[in-house]
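Shown below: entry24.cif, with mmCIF, C-alpha atoms (C1' of nucleotides).
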```cif
data_coords
#
loop_
_atom_site.group_PDB
_atom_site.id
_atom_site.type_symbol
_atom_site.label_atom_id
_atom_site.label_comp_id
_atom_site.auth_asym_id
_atom_site.auth_seq_id
_atom_site.Cartn_x
_atom_site.Cartn_y
_atom_site.Cartn_z
ATOM 1 C CA MET A 1 3.547 54.377 84.024
ATOM 2 C CA GLY A 2 5.765 52.693 81.461
ATOM 3 C CA GLN A 3 8.017 49.670 81.495
ATOM 4 C CA ALA A 4 10.656 49.064 84.082
ATOM 5 C CA GLN A 5 13.663 50.586 82.448
ATOM 6 C CA ILE A 6 16.812 48.559 82.020
ATOM 7 C CA LEU A 7 19.765 50.736 82.762
ATOM 8 C CA SER A 8 23.228 50.401 81.347
ATOM 9 C CA ARG A 9 26.208 49.862 83.599
ATOM 10 C CA ASN A 10 27.194 53.504 83.871
ATOM 11 C CA GLN A 11 23.638 54.663 84.244
ATOM 12 C CA GLN A 12 23.110 52.235 87.115
ATOM 13 C CA ILE A 13 26.315 53.267 88.862
ATOM 14 C CA VAL A 14 25.386 56.921 88.699
ATOM 15 C CA LEU A 15 21.809 56.291 89.784
ATOM 16 C CA ASP A 16 22.935 54.203 92.771
ATOM 17 C CA ILE A 17 25.119 56.996 94.035
ATOM 18 C CA ILE A 18 22.417 59.601 93.662
ATOM 19 C CA GLU A 19 19.846 57.397 95.365
ATOM 20 C CA LYS A 20 22.120 56.694 98.305
ATOM 21 C CA ALA A 21 22.944 60.344 98.824
ATOM 22 C CA ASN A 22 20.900 62.280 101.324
ATOM 23 C CA GLY A 23 21.045 65.437 99.317
ATOM 24 C CA PRO A 24 21.695 66.801 95.870
ATOM 25 C CA LEU A 25 24.930 65.757 94.195
ATOM 26 C CA LYS A 26 27.021 67.687 91.730
ATOM 27 C CA ALA A 27 28.251 66.064 88.554
ATOM 28 C CA TYR A 28 31.912 66.309 89.463
ATOM 29 C CA SER A 29 31.375 64.991 92.948
ATOM 30 C CA ILE A 30 29.669 61.979 91.387
ATOM 31 C CA LEU A 31 32.658 61.643 89.093
ATOM 32 C CA PHE A 32 35.121 61.605 91.985
ATOM 33 C CA ASN A 33 32.996 58.963 93.670
ATOM 34 C CA VAL A 34 33.017 56.570 90.759
ATOM 35 C CA GLN A 35 36.604 56.750 89.634
ATOM 36 C CA LYS A 36 37.315 53.533 91.511
ATOM 37 C CA LYS A 37 34.706 51.902 89.281
ATOM 38 C CA GLY A 38 36.540 52.846 86.133
ATOM 39 C CA ILE A 39 34.608 55.920 85.139
ATOM 40 C CA ASN A 40 37.109 58.622 84.422
ATOM 41 C CA ALA A 41 35.589 61.375 82.350
ATOM 42 C CA PRO A 42 32.874 63.992 82.855
ATOM 43 C CA GLN A 43 31.209 62.908 79.605
ATOM 44 C CA GLN A 44 30.452 59.537 81.077
ATOM 45 C CA ILE A 45 28.716 61.148 84.014
ATOM 46 C CA TYR A 46 26.810 63.700 81.982
ATOM 47 C CA ARG A 47 25.609 61.082 79.542
ATOM 48 C CA ALA A 48 24.276 58.953 82.358
ATOM 49 C CA LEU A 49 22.683 61.988 83.992
ATOM 50 C CA ASP A 50 20.999 62.997 80.747
ATOM 51 C CA LYS A 51 19.496 59.583 80.321
ATOM 52 C CA LEU A 52 18.374 59.322 83.936
ATOM 53 C CA ILE A 53 16.684 62.698 83.676
ATOM 54 C CA GLU A 54 15.034 61.686 80.423
ATOM 55 C CA ILE A 55 13.472 58.602 81.978
ATOM 56 C CA GLY A 56 12.493 60.442 85.146
ATOM 57 C CA LYS A 57 14.770 58.657 87.611
ATOM 58 C CA ILE A 58 16.468 61.840 88.694
ATOM 59 C CA HIS A 59 15.875 65.562 88.512
ATOM 60 C CA LYS A 60 18.194 68.477 88.127
ATOM 61 C CA ILE A 61 17.967 71.246 90.695
ATOM 62 C CA GLU A 62 18.580 74.116 88.338
ATOM 63 C CA SER A 63 19.465 76.699 90.931
ATOM 64 C CA LYS A 64 22.196 74.450 92.295
ATOM 65 C CA ASN A 65 23.444 72.567 89.262
ATOM 66 C CA ALA A 66 22.918 69.419 91.233
ATOM 67 C CA PHE A 67 20.975 66.217 90.899
ATOM 68 C CA VAL A 68 18.544 64.338 93.133
ATOM 69 C CA ALA A 69 16.774 61.017 92.858
ATOM 70 C CA CYS A 70 13.090 61.164 92.060
ATOM 71 C CA ARG A 71 11.083 60.254 95.143
ATOM 72 C CA ASN A 72 7.682 60.149 93.488
ATOM 73 C CA SER A 73 7.445 56.539 92.542
ATOM 74 C CA ASN A 74 5.400 57.406 89.515
ATOM 75 C CA CYS A 75 6.730 60.800 88.721
ATOM 76 C CA GLU A 76 5.330 62.065 85.454
ATOM 77 C CA ILE A 77 8.691 61.846 83.776
ATOM 78 C CA SER A 78 9.788 65.202 85.044
ATOM 79 C CA LYS A 79 7.019 67.151 83.423
ATOM 80 C CA ALA A 80 5.877 68.611 86.688
ATOM 81 C CA THR A 81 8.544 69.065 89.316
ATOM 82 C CA ALA A 82 8.562 71.052 92.533
ATOM 83 C CA PHE A 83 11.236 71.239 95.178
ATOM 84 C CA SER A 84 11.741 72.674 98.599
ATOM 85 C CA ILE A 85 15.268 73.944 99.075
ATOM 86 C CA CYS A 86 16.833 74.990 102.349
ATOM 87 C CA GLU A 87 18.925 78.105 101.938
ATOM 88 C CA SER A 88 21.032 77.207 104.918
ATOM 89 C CA CYS A 89 21.859 73.491 104.814
ATOM 90 C CA GLU A 90 21.249 72.894 101.110
ATOM 91 C CA MET A 91 18.723 70.182 101.807
ATOM 92 C CA VAL A 92 16.325 69.501 98.950
ATOM 93 C CA ASP A 93 12.960 67.769 99.182
ATOM 94 C CA GLU A 94 10.789 66.887 96.269
ATOM 95 C CA ILE A 95 7.293 68.182 96.822
ATOM 96 C CA SER A 96 4.518 65.880 95.779
ATOM 97 C CA ASP A 97 1.336 67.762 96.217
ATOM 98 C CA VAL A 98 -1.416 66.715 93.876
ATOM 99 C CA LYS A 99 -3.312 69.977 94.165
ATOM 100 C CA LEU A 100 -0.245 72.049 93.412
ATOM 101 C CA SER A 101 0.697 69.841 90.533
ATOM 102 C CA LYS A 102 -2.762 69.970 88.996
ATOM 103 C CA TYR A 103 -2.999 73.687 89.483
ATOM 104 C CA LEU A 104 0.261 74.309 87.680
ATOM 105 C CA SER A 105 -0.208 71.675 85.010
ATOM 106 C CA SER A 106 -3.429 73.321 83.953
ATOM 107 C CA PHE A 107 -2.129 76.859 84.216
ATOM 108 C CA ASN A 108 -2.774 79.108 81.215
ATOM 109 C CA ASP A 109 -1.105 82.420 80.868
ATOM 110 C CA LYS A 110 -2.969 85.503 79.727
ATOM 111 C CA LYS A 111 -2.435 84.615 76.092
ATOM 112 C CA GLY A 112 -3.985 81.237 76.677
ATOM 113 C CA THR A 113 -0.741 79.351 76.231
ATOM 114 C CA LYS A 114 -0.522 75.976 77.893
ATOM 115 C CA TYR A 115 2.751 74.448 78.863
ATOM 116 C CA LYS A 116 4.210 70.987 78.510
ATOM 117 C CA ARG A 117 6.331 71.121 81.560
ATOM 118 C CA PHE A 118 7.237 73.183 84.588
ATOM 119 C CA ASN A 119 9.827 73.292 87.311
ATOM 120 C CA LEU A 120 9.224 75.063 90.595
ATOM 121 C CA GLU A 121 11.790 75.738 93.282
ATOM 122 C CA PHE A 122 10.819 77.040 96.723
ATOM 123 C CA PHE A 123 13.443 78.505 99.011
ATOM 124 C CA GLY A 124 13.333 78.849 102.765
ATOM 125 C CA LEU A 125 14.673 77.256 105.910
ATOM 126 C CA CYS A 126 14.095 73.620 106.676
ATOM 127 C CA LYS A 127 12.913 72.416 110.080
ATOM 128 C CA LYS A 128 16.397 71.810 111.388
ATOM 129 C CA CYS A 129 17.699 75.171 110.300
ATOM 130 C CA LYS A 130 14.808 77.239 111.580
ATOM 131 C CA MET B 1 8.283 99.756 97.009
ATOM 132 C CA GLY B 2 11.566 101.296 98.087
ATOM 133 C CA GLN B 3 13.681 104.172 96.871
ATOM 134 C CA ALA B 4 14.766 104.633 93.324
ATOM 135 C CA GLN B 5 18.095 102.946 93.313
ATOM 136 C CA ILE B 6 21.175 104.764 92.111
ATOM 137 C CA LEU B 7 23.255 102.454 90.045
ATOM 138 C CA SER B 8 26.976 102.570 89.590
ATOM 139 C CA ARG B 9 28.544 102.960 86.169
ATOM 140 C CA ASN B 10 29.053 99.253 85.527
ATOM 141 C CA GLN B 11 25.692 98.310 86.931
ATOM 142 C CA GLN B 12 23.989 100.810 84.638
ATOM 143 C CA ILE B 13 25.890 99.615 81.572
ATOM 144 C CA VAL B 14 24.942 96.010 82.230
ATOM 145 C CA LEU B 15 21.332 96.864 82.986
ATOM 146 C CA ASP B 16 21.012 98.919 79.794
ATOM 147 C CA ILE B 17 22.162 96.018 77.676
ATOM 148 C CA ILE B 18 19.819 93.577 79.352
ATOM 149 C CA GLU B 19 16.883 95.949 79.060
ATOM 150 C CA LYS B 20 17.509 96.552 75.377
ATOM 151 C CA ALA B 21 17.778 92.868 74.584
ATOM 152 C CA ASN B 22 14.667 91.098 73.399
ATOM 153 C CA GLY B 23 15.575 87.898 75.148
ATOM 154 C CA PRO B 24 17.720 86.447 77.875
ATOM 155 C CA LEU B 25 21.410 87.286 77.782
ATOM 156 C CA LYS B 26 24.314 85.210 78.983
ATOM 157 C CA ALA B 27 27.003 86.734 81.145
ATOM 158 C CA TYR B 28 29.760 86.269 78.602
ATOM 159 C CA SER B 29 27.700 87.652 75.775
ATOM 160 C CA ILE B 30 27.125 90.741 77.901
ATOM 161 C CA LEU B 31 30.859 90.867 78.469
ATOM 162 C CA PHE B 32 31.636 90.797 74.748
ATOM 163 C CA ASN B 33 29.114 93.588 74.238
ATOM 164 C CA VAL B 34 30.668 95.943 76.750
ATOM 165 C CA GLN B 35 34.327 95.533 76.009
ATOM 166 C CA LYS B 36 34.219 98.718 73.971
ATOM 167 C CA LYS B 37 33.100 100.493 77.128
ATOM 168 C CA GLY B 38 36.179 99.394 79.013
ATOM 169 C CA ILE B 39 34.780 96.435 80.896
ATOM 170 C CA ASN B 40 37.171 93.574 80.359
ATOM 171 C CA ALA B 41 36.668 90.899 82.957
ATOM 172 C CA PRO B 42 33.914 88.459 83.896
ATOM 173 C CA GLN B 43 34.074 89.592 87.507
ATOM 174 C CA GLN B 44 32.905 93.017 86.527
ATOM 175 C CA ILE B 45 29.876 91.542 84.820
ATOM 176 C CA TYR B 46 29.038 89.092 87.563
ATOM 177 C CA ARG B 47 29.323 91.751 90.237
ATOM 178 C CA ALA B 48 26.912 93.970 88.362
ATOM 179 C CA LEU B 49 24.561 91.057 87.747
ATOM 180 C CA ASP B 50 24.585 90.095 91.427
ATOM 181 C CA LYS B 51 23.673 93.586 92.462
ATOM 182 C CA LEU B 52 20.973 93.957 89.819
ATOM 183 C CA ILE B 53 19.421 90.698 90.924
ATOM 184 C CA GLU B 54 19.590 91.742 94.548
ATOM 185 C CA ILE B 55 17.655 94.929 93.885
ATOM 186 C CA GLY B 56 15.166 93.187 91.607
ATOM 187 C CA LYS B 57 16.093 94.886 88.327
ATOM 188 C CA ILE B 58 16.869 91.623 86.600
ATOM 189 C CA HIS B 59 16.217 87.923 87.102
ATOM 190 C CA LYS B 60 18.281 84.867 86.374
ATOM 191 C CA ILE B 61 16.691 82.175 84.265
ATOM 192 C CA GLU B 62 18.182 79.233 86.092
ATOM 193 C CA SER B 63 17.569 76.647 83.423
ATOM 194 C CA LYS B 64 19.444 78.767 80.900
ATOM 195 C CA ASN B 65 22.091 80.530 82.946
ATOM 196 C CA ALA B 66 20.865 83.722 81.403
ATOM 197 C CA PHE B 67 19.505 87.024 82.577
ATOM 198 C CA VAL B 68 16.416 89.074 81.747
ATOM 199 C CA ALA B 69 15.185 92.488 82.793
ATOM 200 C CA CYS B 70 12.342 92.531 85.265
ATOM 201 C CA ARG B 71 9.143 93.599 83.519
ATOM 202 C CA ASN B 72 6.969 93.885 86.599
ATOM 203 C CA SER B 73 7.389 97.512 87.483
ATOM 204 C CA ASN B 74 7.021 96.728 91.133
ATOM 205 C CA CYS B 75 8.395 93.258 91.259
ATOM 206 C CA GLU B 76 8.640 92.008 94.810
ATOM 207 C CA ILE B 77 12.419 92.010 94.647
ATOM 208 C CA SER B 78 12.568 88.599 93.070
ATOM 209 C CA LYS B 79 10.789 86.792 95.855
ATOM 210 C CA ALA B 80 8.148 85.439 93.549
ATOM 211 C CA THR B 81 9.213 84.880 89.966
ATOM 212 C CA ALA B 82 7.574 82.940 87.161
ATOM 213 C CA PHE B 83 8.632 82.633 83.563
ATOM 214 C CA SER B 84 7.362 81.219 80.342
ATOM 215 C CA ILE B 85 10.148 79.746 78.252
ATOM 216 C CA CYS B 86 9.883 78.662 74.639
ATOM 217 C CA GLU B 87 11.728 75.426 74.040
ATOM 218 C CA SER B 88 12.192 76.232 70.414
ATOM 219 C CA CYS B 89 13.206 79.892 70.051
ATOM 220 C CA GLU B 90 14.470 80.478 73.581
ATOM 221 C CA MET B 91 12.099 83.358 74.130
ATOM 222 C CA VAL B 92 11.380 84.127 77.782
ATOM 223 C CA ASP B 93 8.433 86.052 79.179
ATOM 224 C CA GLU B 94 7.971 87.020 82.750
ATOM 225 C CA ILE B 95 4.561 85.946 83.962
ATOM 226 C CA SER B 96 2.767 88.395 86.173
ATOM 227 C CA ASP B 97 -0.344 86.696 87.325
ATOM 228 C CA VAL B 98 -1.564 87.857 90.690
ATOM 229 C CA LYS B 99 -3.555 84.723 91.389
ATOM 230 C CA LEU B 100 -0.635 82.468 90.616
ATOM 231 C CA SER B 101 1.702 84.569 92.663
ATOM 232 C CA LYS B 102 -0.618 84.628 95.667
ATOM 233 C CA TYR B 103 -1.257 80.933 95.406
ATOM 234 C CA LEU B 104 2.418 80.097 95.441
ATOM 235 C CA SER B 105 3.443 82.712 97.968
ATOM 236 C CA SER B 106 1.033 81.245 100.457
ATOM 237 C CA PHE B 107 1.839 77.647 99.675
ATOM 238 C CA ASN B 108 2.577 75.393 102.650
ATOM 239 C CA ASP B 109 4.025 71.968 102.200
ATOM 240 C CA LYS B 110 2.746 69.005 104.146
ATOM 241 C CA LYS B 111 5.004 69.793 107.074
ATOM 242 C CA GLY B 112 3.562 73.275 107.247
ATOM 243 C CA THR B 113 6.723 74.942 106.055
ATOM 244 C CA LYS B 114 6.317 78.319 104.446
ATOM 245 C CA TYR B 115 8.815 79.683 102.006
ATOM 246 C CA LYS B 116 10.469 83.039 101.555
ATOM 247 C CA ARG B 117 10.859 82.831 97.874
ATOM 248 C CA PHE B 118 10.083 80.775 94.806
ATOM 249 C CA ASN B 119 11.045 80.539 91.175
ATOM 250 C CA LEU B 120 8.837 78.866 88.604
ATOM 251 C CA GLU B 121 9.761 78.086 85.021
ATOM 252 C CA PHE B 122 7.182 76.897 82.490
ATOM 253 C CA PHE B 123 8.303 75.305 79.252
ATOM 254 C CA GLY B 124 6.390 75.024 76.014
ATOM 255 C CA LEU B 125 6.148 76.573 72.603
ATOM 256 C CA CYS B 126 5.500 80.258 72.144
ATOM 257 C CA LYS B 127 2.895 81.573 69.710
ATOM 258 C CA LYS B 128 5.351 81.980 66.872
ATOM 259 C CA CYS B 129 6.824 78.529 67.246
ATOM 260 C CA LYS B 130 3.553 76.656 67.564
ATOM 261 C "C1'" DT C 1 41.525 116.433 110.022
ATOM 262 C "C1'" DA C 2 42.652 111.575 110.640
ATOM 263 C "C1'" DA C 3 40.848 107.208 110.917
ATOM 264 C "C1'" DC C 4 37.666 104.264 109.485
ATOM 265 C "C1'" DA C 5 34.045 101.713 107.037
ATOM 266 C "C1'" DC C 6 31.849 100.754 102.817
ATOM 267 C "C1'" DA C 7 30.769 100.038 98.041
ATOM 268 C "C1'" DG C 8 32.596 99.838 93.828
ATOM 269 C "C1'" DT C 9 36.439 99.062 90.384
ATOM 270 C "C1'" DG C 10 40.249 96.703 87.856
ATOM 271 C "C1'" DT C 11 42.996 92.790 87.288
ATOM 272 C "C1'" DT C 12 45.090 88.127 87.128
ATOM 273 C "C1'" DA C 13 44.310 83.673 87.873
ATOM 274 C "C1'" DT C 14 41.676 79.636 88.491
ATOM 275 C "C1'" DA C 15 37.694 76.736 89.707
ATOM 276 C "C1'" DA C 16 33.520 74.501 88.407
ATOM 277 C "C1'" DT C 17 30.216 73.077 85.042
ATOM 278 C "C1'" DA C 18 29.314 71.213 80.532
ATOM 279 C "C1'" DT C 19 29.897 69.833 75.612
ATOM 280 C "C1'" DA C 20 32.330 68.533 71.002
ATOM 281 C "C1'" DA C 21 34.207 65.188 68.364
ATOM 282 C "C1'" DC C 22 35.831 60.799 67.196
ATOM 283 C "C1'" DA C 23 36.827 55.893 67.613
ATOM 284 C "C1'" DT C 24 35.124 51.646 69.325
ATOM 285 C "C1'" DA C 25 31.919 48.317 71.309
ATOM 286 C "C1'" DT C 26 27.529 46.094 72.206
ATOM 287 C "C1'" DG C 27 22.861 44.834 71.592
ATOM 288 C "C1'" DT C 28 18.580 44.583 68.647
ATOM 289 C "C1'" DT C 29 16.126 43.664 64.698
ATOM 290 C "C1'" DA C 30 15.159 43.147 59.764
ATOM 291 C "C1'" DT D 1 24.544 38.763 58.634
ATOM 292 C "C1'" DA D 2 23.855 43.657 57.669
ATOM 293 C "C1'" DA D 3 22.028 47.746 59.335
ATOM 294 C "C1'" DC D 4 20.887 50.343 63.007
ATOM 295 C "C1'" DA D 5 20.559 52.420 67.572
ATOM 296 C "C1'" DT D 6 22.552 52.925 71.981
ATOM 297 C "C1'" DA D 7 26.332 53.009 74.965
ATOM 298 C "C1'" DT D 8 31.230 53.428 75.990
ATOM 299 C "C1'" DG D 9 35.991 55.421 76.361
ATOM 300 C "C1'" DT D 10 38.892 59.142 75.460
ATOM 301 C "C1'" DT D 11 41.092 63.655 74.524
ATOM 302 C "C1'" DA D 12 40.295 68.170 74.139
ATOM 303 C "C1'" DT D 13 37.870 72.344 74.787
ATOM 304 C "C1'" DA D 14 34.022 75.513 75.693
ATOM 305 C "C1'" DT D 15 31.241 77.838 78.994
ATOM 306 C "C1'" DT D 16 29.971 79.593 83.417
ATOM 307 C "C1'" DA D 17 31.483 81.418 87.752
ATOM 308 C "C1'" DT D 18 34.480 82.677 91.731
ATOM 309 C "C1'" DA D 19 38.894 83.750 94.542
ATOM 310 C "C1'" DA D 20 42.048 86.932 95.845
ATOM 311 C "C1'" DC D 21 44.320 91.235 96.049
ATOM 312 C "C1'" DA D 22 45.280 96.063 95.200
ATOM 313 C "C1'" DC D 23 43.167 100.322 94.610
ATOM 314 C "C1'" DT D 24 39.625 104.470 94.444
ATOM 315 C "C1'" DG D 25 36.171 107.381 95.901
ATOM 316 C "C1'" DT D 26 32.692 108.814 99.296
ATOM 317 C "C1'" DG D 27 30.746 109.451 103.462
ATOM 318 C "C1'" DT D 28 30.894 109.052 108.306
ATOM 319 C "C1'" DT D 29 32.487 110.024 113.019
ATOM 320 C "C1'" DA D 30 35.781 110.355 116.589
#
```
What would the structure in this file look like if it were written as structure tokens?
Amino acid sequence: MGQAQILSRNQQIVLDIIEKANGPLKAYSILFNVQKKGINAPQQIYRALDKLIEIGKIHKIESKNAFVACRNSNCEISKATAFSICESCEMVDEISDVKLSKYLSSFNDKKGTKYKRFNLEFFGLCKKCK
Amino acid sequence: MGQAQILSRNQQIVLDIIEKANGPLKAYSILFNVQKKGINAPQQIYRALDKLIEIGKIHKIESKNAFVACRNSNCEISKATAFSICESCEMVDEISDVKLSKYLSSFNDKKGTKYKRFNLEFFGLCKKCK
DNA sequence: TAACACAGTGTTATAATATAACATATGTTA
DNA sequence: TAACATATGTTATATTATAACACTGTGTTA
């Protein structure tokens, strides 16, 4: 569960933008959006993104190189993420399905290896695009 | 199941390199490896990679921007992929677990949406690195 | 055969994504 | 206060990926 995290100025700016967005945002589009606030360089964005990912406030959609806010209020710090991605409109939804999460978190491969973390991306058409 | 696919010269060169590798390869490292064979430009690599992915001969490891040969002789053309990734040595194994694959292929989210395709990446430490 | 589509190739240029490295500042804690 | 960790600002550069255009070969099919 953890403490409420106090974010630095840049971290908060970046998080606000991602939370307000209704879809995944790319790092450089975030950058263009915050230049009026005095953030000028990609490093500043990527550093904020790294931190926000680390504390579980956002997730990276690997197949899109884009970032979304975490919608699971008590997300397990990004150890178990699953997303539904529309191949047509680019919409991304975080899936919070306890059964799925438990099933995957306890998955062992044939060699008996257990994993610390997983990321699952489903692709299809969302309701609107069907 | 499909026909045996006839590959073009460049496609075959790229596939050979990926199949011989004992881990995921990056596009530019493939490029450096084939310059002696007369392939000089990233486009040539990416075009081959795109085709090889399309026909299911290789997969992209999204979290690493790298490519591995498909080890499931009859992989369902990349509709259902799962990988085990070592966070220490970068090793990647394709997981072929029928139960897992069936479970995910038939997964419905709460809205009843079914998906065409999924990609799952597990992270942990491989045997050697443990 | 001529016309056409189609997949692949080669090439130059450029876009998009991400990190390195270094100097400075700010906040926390011993 | 000194030492330390974390964050910031900045310039430069590395890495990953695509656009655009000209060309080649192969197989239709009209």
Item to check | Atomic separation - CA of Lys57 (chain B) relative to C1' of DG27 (chain D), Å | outcome: 25.6 Å
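Those DNA, RNA and protein residues that approach the point (28.0, 63.5, 95.4) to within 12 Å, considering only C-alpha atoms (C1' of nucleotides), are A:Val14, A:Leu15, A:Asp16, A:Ile17, A:Ile18, A:Glu19, A:Lys20, A:Ala21, A:Asn22, A:Gly23, A:Pro24, A:Leu25, A:Lys26, A:Ala27, A:Tyr28, A:Ser29, A:Ile30, A:Leu31, A:Phe32, A:Asn33, A:Val34, A:Ile45, A:Asn65, A:Ala66, A:Phe67, A:Val68, A:Ala69.
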Checklist entry - Using all atoms listed in the file, which of B:Glu87, B:Glu94, B:Glu54, B:Glu62 sits nearest chain A? => result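 Under the stated criterion, the closest residue is B:Glu62.
Between CA of Gln43 (chain B) and C1' of DA18 (chain C) the separation is 20.2 Å.
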Next on the checklist: At a cut-off of 9 Å, which residues of chain C touch chain B? Count all atoms listed in the file and give the answer as a ChimeraX atom specification.
Outcome noted: /C:8-11
Next on the checklist: Could you list, as number ranges by chain, every residue matched by the PyMOL selection byres ((chain D) within 9 of (chain A)) in this structure?
Outcome noted: D: 7-10
Next on the checklist: Need the shell around region 104-114 of chain B: protein/DNA/RNA residues with any atom at most 12 Å away, counting only C-alpha atoms (C1' of nucleotides). Skip same-chain ones fewer than 2 positions apart. Format as a ChimeraX atom specification?
Outcome noted: /A:82-86,93-101,103-104,120-130 /B:76,78-82,97-102,116-120
Next on the checklist: Please return as a count of residues only every residue within 10 Å of (37.5, 104.5, 97.5), taking into account all atoms listed in the file and the file's own coordinates.
Outcome noted: 8
Item to check | Separation of CA of Cys70 (chain A) from CA of Ile58 (chain A) in Å | outcome: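 Between CA of Ile58 (chain A) and CA of Cys70 (chain A) the gap is 4.8 Å.
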Item to check | Of the listed residues B:Ile6, B:Ser63, B:Ile53, B:Lys36, that which approaches chain A most closely, counting all atoms listed in the file | outcome: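 Selected residue with least distance to chain A: B:Ser63.
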Next on the checklist: Considering only C-alpha atoms, can you say which of A:Lys51, A:Lys37, A:Lys64, A:His59 comes closest to chain B?
Outcome noted: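 Among the listed residues, A:Lys64 lies closest to chain B.
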Checklist entry - Can you list, as a VMD selection string, every protein, DNA or RNA residue that comes within 12 Å of DA30 (chain D) when you count all atoms listed in the file, leaving out same-chain residues fewer than 4 positions away? => result chain C and resid 1 to 4
Go ahead and save the picked residues with C-alpha atoms (C1' of nucleotides), as a PDB file, in the coordinates of the input.
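Listing of selection_4.pdb after writing:
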```pdb
ATOM      1  C1'  DT C   1      41.525 116.433 110.022  1.00  0.00           C
ATOM      2  C1'  DA C   2      42.652 111.575 110.640  1.00  0.00           C
ATOM      3  C1'  DA C   3      40.848 107.208 110.917  1.00  0.00           C
ATOM      4  C1'  DC C   4      37.666 104.264 109.485  1.00  0.00           C
TER       5       DC C   4
END
```
Next on the checklist: Please determine, counting all atoms listed in the file, which residue among A:Gln35, A:Tyr46, A:Ser88, A:Lys60 has the shortest atom-to-atom distance to chain B.
Outcome noted: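 Using all atoms listed in the file, chain B sits closest to A:Lys60.
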Write out as CSV the residues of region 4-27 of chain D that have any atom within 10 Å of an atom of region 19-23 of chain C, one row each with the nearest atom pair and its distance in Å to one decimal, counting only C-alpha atoms (C1' of nucleotides), sorted by chain and then rising number.
```
residue,atom,partner,partner_atom,distance
D:DG9,C1',C:DA23,C1',8.8
D:DT10,C1',C:DA23,C1',8.7
D:DT11,C1',C:DA21,C1',9.4
D:DA12,C1',C:DA20,C1',8.6
D:DT13,C1',C:DA20,C1',7.7
D:DA14,C1',C:DT19,C1',7.0
D:DT15,C1',C:DT19,C1',8.8
```
Checklist entry - Which is closest to chain B among A:Cys89, A:Leu7, A:Ile61, A:Ile13, if we use all atoms listed in the file? => result A:Ile61
